[in-house]
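As C-alpha cells, the structure follows; a few thoughts come after it.
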Amino acid sequence: MTGSNKAVVPSAREALNKFKMEAANEVGVNLKEGYNGNLTSKEAGSVGGQMVKKMIEAYENGMK
C-alpha cells in the first residue's frame, strides 16, 4: 500500500474494500478495484458518507 494509509488490522483490508464497494453501489457511484482518482469530490464524499451512515446504524442496532 502506498501513502500514509495503514490499516490498524491488516487482515480487515478485504472486508473494508467490500464494504466500500457496497456503499458506492448503494449511492450509485461506479468504483473499480484499485485507483479511483477520476472520482469527483462529491462522489467520493457520498461513498464515505454512506459508509459512516451504515457504521452508525450498525452500532445503534448493536446497542438494542
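Residues are referred to by chain and number: the chain letter is A, B, ... according to the order shown in the C-alpha cells, the number counts from 1 in that chain, and ligands are numbered separately from 1 in the order shown.
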(message) Which residues are near Gly28 of chain A? Cut-off 10 Å, only C-alpha atoms, ignore same chain within fewer than 5 positions. Put them as a ChimeraX atom specification.
(response) /A:22-23,43,46-47
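Relative to atom CA of Lys54 of chain A, atom CA of Ala15 of chain A is found at 14.1 Å.
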